[in-house]
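The file my_file10.pdb comes next; it holds PDB, C-alpha atoms.
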```pdb
ATOM      1  CA  MET A 601       0.000   0.000   0.000  1.00  0.00           C
ATOM      2  CA  SER A 602       1.194   3.467  -0.788  1.00  0.00           C
ATOM      3  CA  VAL A 603       0.046   7.037  -0.862  1.00  0.00           C
ATOM      4  CA  LYS A 604       0.797   9.209  -3.871  1.00  0.00           C
ATOM      5  CA  ILE A 605       0.541  12.957  -3.493  1.00  0.00           C
ATOM      6  CA  PHE A 606       0.044  15.339  -6.387  1.00  0.00           C
ATOM      7  CA  ILE A 607      -0.165  19.124  -6.481  1.00  0.00           C
ATOM      8  CA  ALA A 608      -1.761  21.143  -9.271  1.00  0.00           C
ATOM      9  CA  ARG A 609      -2.172  24.780 -10.093  1.00  0.00           C
ATOM     10  CA  HIS A 610      -5.630  26.158 -10.815  1.00  0.00           C
ATOM     11  CA  GLY A 611      -6.685  26.921 -14.380  1.00  0.00           C
ATOM     12  CA  GLU A 612      -6.160  30.348 -15.878  1.00  0.00           C
ATOM     13  CA  SER A 613      -8.016  33.029 -13.950  1.00  0.00           C
ATOM     14  CA  GLU A 614      -9.136  36.549 -14.690  1.00  0.00           C
ATOM     15  CA  GLY A 615      -6.239  37.729 -12.544  1.00  0.00           C
ATOM     16  CA  ASN A 616      -3.772  35.836 -14.740  1.00  0.00           C
ATOM     17  CA  ILE A 617      -4.960  37.462 -17.942  1.00  0.00           C
ATOM     18  CA  SER A 618      -4.955  40.883 -16.262  1.00  0.00           C
ATOM     19  CA  ASN A 619      -1.340  40.166 -15.177  1.00  0.00           C
ATOM     20  CA  ILE A 620      -1.979  41.296 -11.621  1.00  0.00           C
ATOM     21  CA  PHE A 621      -0.776  40.021  -8.269  1.00  0.00           C
ATOM     22  CA  THR A 622      -3.970  38.170  -7.400  1.00  0.00           C
ATOM     23  CA  GLY A 623      -2.790  36.704  -4.110  1.00  0.00           C
ATOM     24  CA  THR A 624      -5.807  36.094  -1.882  1.00  0.00           C
ATOM     25  CA  ILE A 625      -8.227  38.028  -4.102  1.00  0.00           C
ATOM     26  CA  ASP A 626     -10.926  35.760  -5.501  1.00  0.00           C
ATOM     27  CA  ALA A 627     -10.840  35.517  -9.292  1.00  0.00           C
ATOM     28  CA  LYS A 628     -12.987  33.395 -11.601  1.00  0.00           C
ATOM     29  CA  LEU A 629     -11.626  31.011 -14.185  1.00  0.00           C
ATOM     30  CA  THR A 630     -11.515  32.180 -17.779  1.00  0.00           C
ATOM     31  CA  ASN A 631     -12.825  30.029 -20.644  1.00  0.00           C
ATOM     32  CA  LEU A 632      -9.280  28.728 -21.121  1.00  0.00           C
ATOM     33  CA  GLY A 633      -9.075  28.095 -17.364  1.00  0.00           C
ATOM     34  CA  ARG A 634     -12.172  25.899 -17.551  1.00  0.00           C
ATOM     35  CA  ILE A 635     -10.641  23.952 -20.448  1.00  0.00           C
ATOM     36  CA  GLN A 636      -7.443  23.508 -18.399  1.00  0.00           C
ATOM     37  CA  ALA A 637      -9.550  22.306 -15.462  1.00  0.00           C
ATOM     38  CA  GLN A 638     -11.239  19.739 -17.716  1.00  0.00           C
ATOM     39  CA  GLU A 639      -7.817  18.552 -18.925  1.00  0.00           C
ATOM     40  CA  LEU A 640      -6.665  18.285 -15.307  1.00  0.00           C
ATOM     41  CA  ALA A 641      -9.744  16.172 -14.596  1.00  0.00           C
ATOM     42  CA  GLU A 642      -8.845  13.840 -17.491  1.00  0.00           C
ATOM     43  CA  ASN A 643      -5.259  13.546 -16.219  1.00  0.00           C
ATOM     44  CA  SER A 644      -6.580  12.819 -12.735  1.00  0.00           C
ATOM     45  CA  VAL A 645      -8.455   9.799 -14.078  1.00  0.00           C
ATOM     46  CA  LYS A 646      -5.176   8.426 -15.461  1.00  0.00           C
ATOM     47  CA  LEU A 647      -3.452   9.033 -12.115  1.00  0.00           C
ATOM     48  CA  LYS A 648      -6.281   7.255 -10.282  1.00  0.00           C
ATOM     49  CA  ILE A 649      -6.909  10.204  -7.973  1.00  0.00           C
ATOM     50  CA  ASN A 650      -9.342   9.120  -5.269  1.00  0.00           C
ATOM     51  CA  ARG A 651      -9.175  12.099  -2.900  1.00  0.00           C
ATOM     52  CA  ILE A 652      -9.061  15.806  -3.711  1.00  0.00           C
ATOM     53  CA  PHE A 653      -8.362  18.936  -1.698  1.00  0.00           C
ATOM     54  CA  SER A 654      -8.526  22.546  -2.831  1.00  0.00           C
ATOM     55  CA  SER A 655      -7.639  25.966  -1.577  1.00  0.00           C
ATOM     56  CA  HIS A 656     -10.767  27.904  -0.598  1.00  0.00           C
ATOM     57  CA  LEU A 657     -10.024  30.578  -3.200  1.00  0.00           C
ATOM     58  CA  LEU A 658     -12.490  30.576  -6.095  1.00  0.00           C
ATOM     59  CA  ARG A 659     -10.055  29.846  -8.951  1.00  0.00           C
ATOM     60  CA  ALA A 660      -8.690  26.736  -7.223  1.00  0.00           C
ATOM     61  CA  LYS A 661     -12.124  25.593  -6.065  1.00  0.00           C
ATOM     62  CA  GLU A 662     -13.595  25.945  -9.548  1.00  0.00           C
ATOM     63  CA  THR A 663     -10.689  23.936 -10.985  1.00  0.00           C
ATOM     64  CA  ALA A 664     -10.981  21.213  -8.354  1.00  0.00           C
ATOM     65  CA  LYS A 665     -14.744  20.905  -8.887  1.00  0.00           C
ATOM     66  CA  PHE A 666     -14.117  19.733 -12.454  1.00  0.00           C
ATOM     67  CA  VAL A 667     -11.883  16.967 -11.094  1.00  0.00           C
ATOM     68  CA  ALA A 668     -14.224  16.000  -8.256  1.00  0.00           C
ATOM     69  CA  GLN A 669     -17.199  15.786 -10.615  1.00  0.00           C
ATOM     70  CA  LYS A 670     -15.281  13.773 -13.207  1.00  0.00           C
ATOM     71  CA  LEU A 671     -14.101  11.301 -10.551  1.00  0.00           C
ATOM     72  CA  ASN A 672     -17.330  11.378  -8.546  1.00  0.00           C
ATOM     73  CA  ILE A 673     -15.467  12.160  -5.326  1.00  0.00           C
ATOM     74  CA  THR A 674     -16.025  14.742  -2.606  1.00  0.00           C
ATOM     75  CA  LEU A 675     -14.052  17.972  -2.794  1.00  0.00           C
ATOM     76  CA  GLU A 676     -12.395  18.832   0.523  1.00  0.00           C
ATOM     77  CA  ILE A 677     -11.316  22.412   1.257  1.00  0.00           C
ATOM     78  CA  LYS A 678      -7.915  23.044   2.819  1.00  0.00           C
ATOM     79  CA  GLU A 679      -7.534  26.742   3.564  1.00  0.00           C
ATOM     80  CA  ASP A 680      -3.848  26.591   4.440  1.00  0.00           C
ATOM     81  CA  ILE A 681      -2.909  25.960   0.788  1.00  0.00           C
ATOM     82  CA  GLN A 682      -4.297  29.323  -0.300  1.00  0.00           C
ATOM     83  CA  GLU A 683      -2.094  31.635  -2.315  1.00  0.00           C
ATOM     84  CA  ILE A 684       0.286  33.941  -0.525  1.00  0.00           C
ATOM     85  CA  SER A 685      -1.139  37.309   0.519  1.00  0.00           C
ATOM     86  CA  PHE A 686       0.786  40.153  -1.107  1.00  0.00           C
ATOM     87  CA  GLY A 687      -0.911  42.824   0.988  1.00  0.00           C
ATOM     88  CA  ILE A 688      -0.931  46.261  -0.608  1.00  0.00           C
ATOM     89  CA  PHE A 689       0.496  44.819  -3.853  1.00  0.00           C
ATOM     90  CA  GLN A 690      -2.548  42.640  -4.518  1.00  0.00           C
ATOM     91  CA  GLY A 691      -4.520  43.778  -7.533  1.00  0.00           C
ATOM     92  CA  GLN A 692      -1.578  45.702  -8.993  1.00  0.00           C
ATOM     93  CA  ASN A 693      -0.047  45.009 -12.400  1.00  0.00           C
ATOM     94  CA  LYS A 694       3.061  42.825 -12.181  1.00  0.00           C
ATOM     95  CA  ASN A 695       5.014  44.525 -14.968  1.00  0.00           C
ATOM     96  CA  THR A 696       4.260  48.027 -13.714  1.00  0.00           C
ATOM     97  CA  LEU A 697       5.084  47.158 -10.124  1.00  0.00           C
ATOM     98  CA  ILE A 698       8.246  45.060 -10.405  1.00  0.00           C
ATOM     99  CA  GLY A 699       8.935  43.916 -13.966  1.00  0.00           C
ATOM    100  CA  THR A 700      11.846  41.490 -13.661  1.00  0.00           C
ATOM    101  CA  ASP A 701      13.659  43.349 -10.864  1.00  0.00           C
ATOM    102  CA  LEU A 702      14.751  40.825  -8.223  1.00  0.00           C
ATOM    103  CA  GLU A 703      15.097  43.458  -5.487  1.00  0.00           C
ATOM    104  CA  LYS A 704      11.568  44.734  -6.108  1.00  0.00           C
ATOM    105  CA  SER A 705      10.329  41.124  -6.065  1.00  0.00           C
ATOM    106  CA  LYS A 706      11.672  40.734  -2.538  1.00  0.00           C
ATOM    107  CA  GLN A 707       9.366  43.546  -1.408  1.00  0.00           C
ATOM    108  CA  LEU A 708       6.372  41.313  -2.186  1.00  0.00           C
ATOM    109  CA  LEU A 709       7.205  39.052   0.715  1.00  0.00           C
ATOM    110  CA  TYR A 710       7.415  41.971   3.125  1.00  0.00           C
ATOM    111  CA  ALA A 711       4.408  43.913   1.812  1.00  0.00           C
ATOM    112  CA  LYS A 712       2.399  46.041   4.202  1.00  0.00           C
ATOM    113  CA  ASP A 713      -0.675  44.067   5.247  1.00  0.00           C
ATOM    114  CA  GLY A 714       0.783  40.989   3.502  1.00  0.00           C
ATOM    115  CA  GLU A 715       1.330  37.562   4.958  1.00  0.00           C
ATOM    116  CA  GLY A 716       5.052  37.968   5.626  1.00  0.00           C
ATOM    117  CA  ILE A 717       7.806  35.494   4.961  1.00  0.00           C
ATOM    118  CA  GLN A 718       7.789  33.939   8.447  1.00  0.00           C
ATOM    119  CA  ASN A 719       4.078  33.184   8.201  1.00  0.00           C
ATOM    120  CA  ILE A 720       4.495  31.737   4.723  1.00  0.00           C
ATOM    121  CA  GLU A 721       7.280  29.464   5.922  1.00  0.00           C
ATOM    122  CA  LYS A 722       5.248  28.421   8.982  1.00  0.00           C
ATOM    123  CA  ARG A 723       2.251  27.564   6.802  1.00  0.00           C
ATOM    124  CA  ILE A 724       4.414  25.520   4.441  1.00  0.00           C
ATOM    125  CA  LEU A 725       6.026  23.579   7.294  1.00  0.00           C
ATOM    126  CA  GLU A 726       2.579  22.810   8.743  1.00  0.00           C
ATOM    127  CA  PHE A 727       1.447  21.573   5.342  1.00  0.00           C
ATOM    128  CA  ILE A 728       4.513  19.325   5.076  1.00  0.00           C
ATOM    129  CA  LYS A 729       3.579  17.808   8.455  1.00  0.00           C
ATOM    130  CA  TYR A 730       0.124  17.102   7.061  1.00  0.00           C
ATOM    131  CA  LEU A 731       1.607  15.500   3.937  1.00  0.00           C
ATOM    132  CA  LYS A 732       3.786  13.267   6.122  1.00  0.00           C
ATOM    133  CA  TYR A 733       0.728  12.287   8.118  1.00  0.00           C
ATOM    134  CA  LEU A 734      -1.056  11.304   4.898  1.00  0.00           C
ATOM    135  CA  LYS A 735       2.005   9.405   3.619  1.00  0.00           C
ATOM    136  CA  ASN A 736       2.254   7.427   6.858  1.00  0.00           C
ATOM    137  CA  ASN A 737      -1.428   6.538   6.758  1.00  0.00           C
ATOM    138  CA  LYS A 738      -0.561   3.270   4.952  1.00  0.00           C
ATOM    139  CA  SER A 739      -3.640   3.436   2.780  1.00  0.00           C
ATOM    140  CA  ASN A 740      -3.742   3.044  -0.962  1.00  0.00           C
ATOM    141  CA  GLN A 741      -4.600   6.567  -2.070  1.00  0.00           C
ATOM    142  CA  SER A 742      -3.749   9.031  -4.811  1.00  0.00           C
ATOM    143  CA  ILE A 743      -4.391  12.485  -3.427  1.00  0.00           C
ATOM    144  CA  LEU A 744      -4.563  15.714  -5.412  1.00  0.00           C
ATOM    145  CA  PHE A 745      -4.201  19.188  -3.913  1.00  0.00           C
ATOM    146  CA  VAL A 746      -5.317  22.064  -6.159  1.00  0.00           C
ATOM    147  CA  GLY A 747      -3.729  25.363  -5.240  1.00  0.00           C
ATOM    148  CA  HIS A 748      -1.513  28.184  -6.390  1.00  0.00           C
ATOM    149  CA  SER A 749       1.797  28.772  -8.123  1.00  0.00           C
ATOM    150  CA  ASN A 750       3.649  30.763  -5.467  1.00  0.00           C
ATOM    151  CA  PHE A 751       2.643  28.488  -2.599  1.00  0.00           C
ATOM    152  CA  TRP A 752       3.607  25.370  -4.577  1.00  0.00           C
ATOM    153  CA  SER A 753       6.936  26.877  -5.676  1.00  0.00           C
ATOM    154  CA  PHE A 754       7.825  27.674  -2.095  1.00  0.00           C
ATOM    155  CA  LEU A 755       6.675  24.237  -0.917  1.00  0.00           C
ATOM    156  CA  ILE A 756       8.981  22.542  -3.426  1.00  0.00           C
ATOM    157  CA  ALA A 757      11.839  24.835  -2.413  1.00  0.00           C
ATOM    158  CA  VAL A 758      11.444  23.868   1.248  1.00  0.00           C
ATOM    159  CA  LEU A 759      11.287  20.189   0.291  1.00  0.00           C
ATOM    160  CA  GLU A 760      14.602  20.739  -1.512  1.00  0.00           C
ATOM    161  CA  GLY A 761      16.141  22.105   1.700  1.00  0.00           C
ATOM    162  CA  LYS A 762      15.936  25.804   0.921  1.00  0.00           C
ATOM    163  CA  THR A 763      14.961  28.454   3.468  1.00  0.00           C
ATOM    164  CA  ALA A 764      12.584  31.379   3.440  1.00  0.00           C
ATOM    165  CA  LYS A 765      15.424  33.697   2.461  1.00  0.00           C
ATOM    166  CA  ASP A 766      15.810  31.746  -0.787  1.00  0.00           C
ATOM    167  CA  PHE A 767      12.144  32.114  -1.739  1.00  0.00           C
ATOM    168  CA  VAL A 768      12.376  35.157  -4.007  1.00  0.00           C
ATOM    169  CA  GLU A 769      15.357  33.872  -5.983  1.00  0.00           C
ATOM    170  CA  ILE A 770      13.604  30.523  -6.309  1.00  0.00           C
ATOM    171  CA  ARG A 771      10.372  32.136  -7.468  1.00  0.00           C
ATOM    172  CA  VAL A 772      12.155  34.264 -10.059  1.00  0.00           C
ATOM    173  CA  ASN A 773      14.549  31.589 -11.335  1.00  0.00           C
ATOM    174  CA  ARG A 774      12.419  28.425 -11.148  1.00  0.00           C
ATOM    175  CA  LYS A 775      10.272  27.093 -13.950  1.00  0.00           C
ATOM    176  CA  LYS A 776       6.890  28.531 -13.065  1.00  0.00           C
ATOM    177  CA  PHE A 777       3.907  26.280 -12.399  1.00  0.00           C
ATOM    178  CA  GLN A 778       1.681  26.566 -15.449  1.00  0.00           C
ATOM    179  CA  ASN A 779      -2.075  26.881 -15.136  1.00  0.00           C
ATOM    180  CA  GLY A 780      -3.583  23.396 -14.857  1.00  0.00           C
ATOM    181  CA  GLU A 781      -0.167  21.764 -14.372  1.00  0.00           C
ATOM    182  CA  ILE A 782       0.121  18.766 -12.067  1.00  0.00           C
ATOM    183  CA  ARG A 783       3.267  17.436 -10.345  1.00  0.00           C
ATOM    184  CA  GLU A 784       3.866  14.512  -8.043  1.00  0.00           C
ATOM    185  CA  ILE A 785       5.509  15.104  -4.679  1.00  0.00           C
ATOM    186  CA  THR A 786       8.002  12.262  -4.483  1.00  0.00           C
ATOM    187  CA  HIS A 787      10.009  13.243  -1.428  1.00  0.00           C
ATOM    188  CA  LEU A 788       9.258  14.820   1.920  1.00  0.00           C
ATOM    189  CA  LEU A 789      11.748  16.172   4.466  1.00  0.00           C
TER     190      LEU A 789
END
```
Could you spell out this file's structure in structure tokens?
Amino acid sequence: MSVKIFIARHGESEGNISNIFTGTIDAKLTNLGRIQAQELAENSVKLKINRIFSSHLLRAKETAKFVAQKLNITLEIKEDIQEISFGIFQGQNKNTLIGTDLEKSKQLLYAKDGEGIQNIEKRILEFIKYLKYLKNNKSNQSILFVGHSNFWSFLIAVLEGKTAKDFVEIRVNRKKFQNGEIREITHLL
């Protein structure tokens, strides 16, 4: 018996096409986002997903509903996998605000009214504990978590032994999670 854990990014949202820092703002899926969600549902059949969790944010929930309906399973909400809160930067255009400037990108993690890097790291470490709990459950499950690009990028970084201070460089230099993309988590700390 084994537990397989997969993470996926929501389908394209209105915030994505507006090129804004959506963060914890709710945004609906676009037509393309719904197509990506349907494709994710088809891929989930192949992966034999039998349990699904989603962030409570609308774009992730809408994506996960396609999967849950396709697989005829119950969608469970897990609020701690929500996207990172960028505080005062939420809703602002990415190119106008920071472009590709690494130093300006660092400001996102210390934004006024934002989540803050320590809280992000704490949330990720708590989620890793939960993943370990699921892995040690000894049941035969394939579990999918539908969430957000920044949170997943930071999760993977922590699983690779990086620290919170590495987050911005990782986010800028790492291959970005694409909308509707799914990856398997094969190792935990």
Next item on the list: Find the residues near segment 670-673 of chain A: any atom within 12 Å, counting all atoms listed in the file, skip ones fewer than 3 places away on the same chain, and give them as a ChimeraX atom specification.
Entry: /A:637-653,663-667,676,743-744
Checklist line | Reference answer for the PyMOL selection byres ((chain A and resi 611) around 10), as a PyMOL selection string | finding: chain A and resi 608-610+612-614+616+628-640+659-660+662-664+746-748+778-781
Checklist line | Spatial neighbours of segment 728-734 of chain A, 10 Å, all atoms listed in the file, chain gap at least 6 places, as a list in words | finding: Ser602, Val603, Lys604, Ile605, Lys722, Gln741, Ile743, Leu755, Val758, Leu759, Ile785, His787, Leu788 and Leu789 of chain A
Note to self: Which residue is closest to Asn619 of chain A? Choose from A:Leu675, A:Ile720, A:Ile698, A:Leu725 and count only C-alpha atoms.
What the structure shows: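 Smallest distance to Asn619 of chain A is found for A:Ile698.
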Next item on the list: Enter the distance from atom CA of Asp713 of chain A to atom CA of Thr624 of chain A, in Å, rounded to one decimal.
Entry: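 A separation of 11.9 Å between them.
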Check: Restricting the calculation to all atoms listed in the file, which member of A:Glu784, A:Asp626, A:Glu703, A:Asp680 is positioned closest to Ile724 of chain A?
Finding: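 Between A:Glu784, A:Asp626, A:Glu703, A:Asp680, the residue approaching Ile724 of chain A most closely is A:Asp680.
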Next item on the list: Figure out the distance between atom CA of Gly615 of chain A and atom CA of Arg783 of chain A, please, to one decimal in Å.
Entry: 22.5 Å
Margin query: Quick check, in Å to one decimal: how far apart do atom CA of Ser753 of chain A and atom CA of Phe767 of chain A lie?
Written below: 8.4 Å
Margin query: Which residues would end up in the selection if the PyMOL selection byres ((chain A and resi 622) around 9) were applied here, given that I need the answer as a ChimeraX atom specification?
Written below: /A:615-616,619-621,623-627,683,685-686,689-692
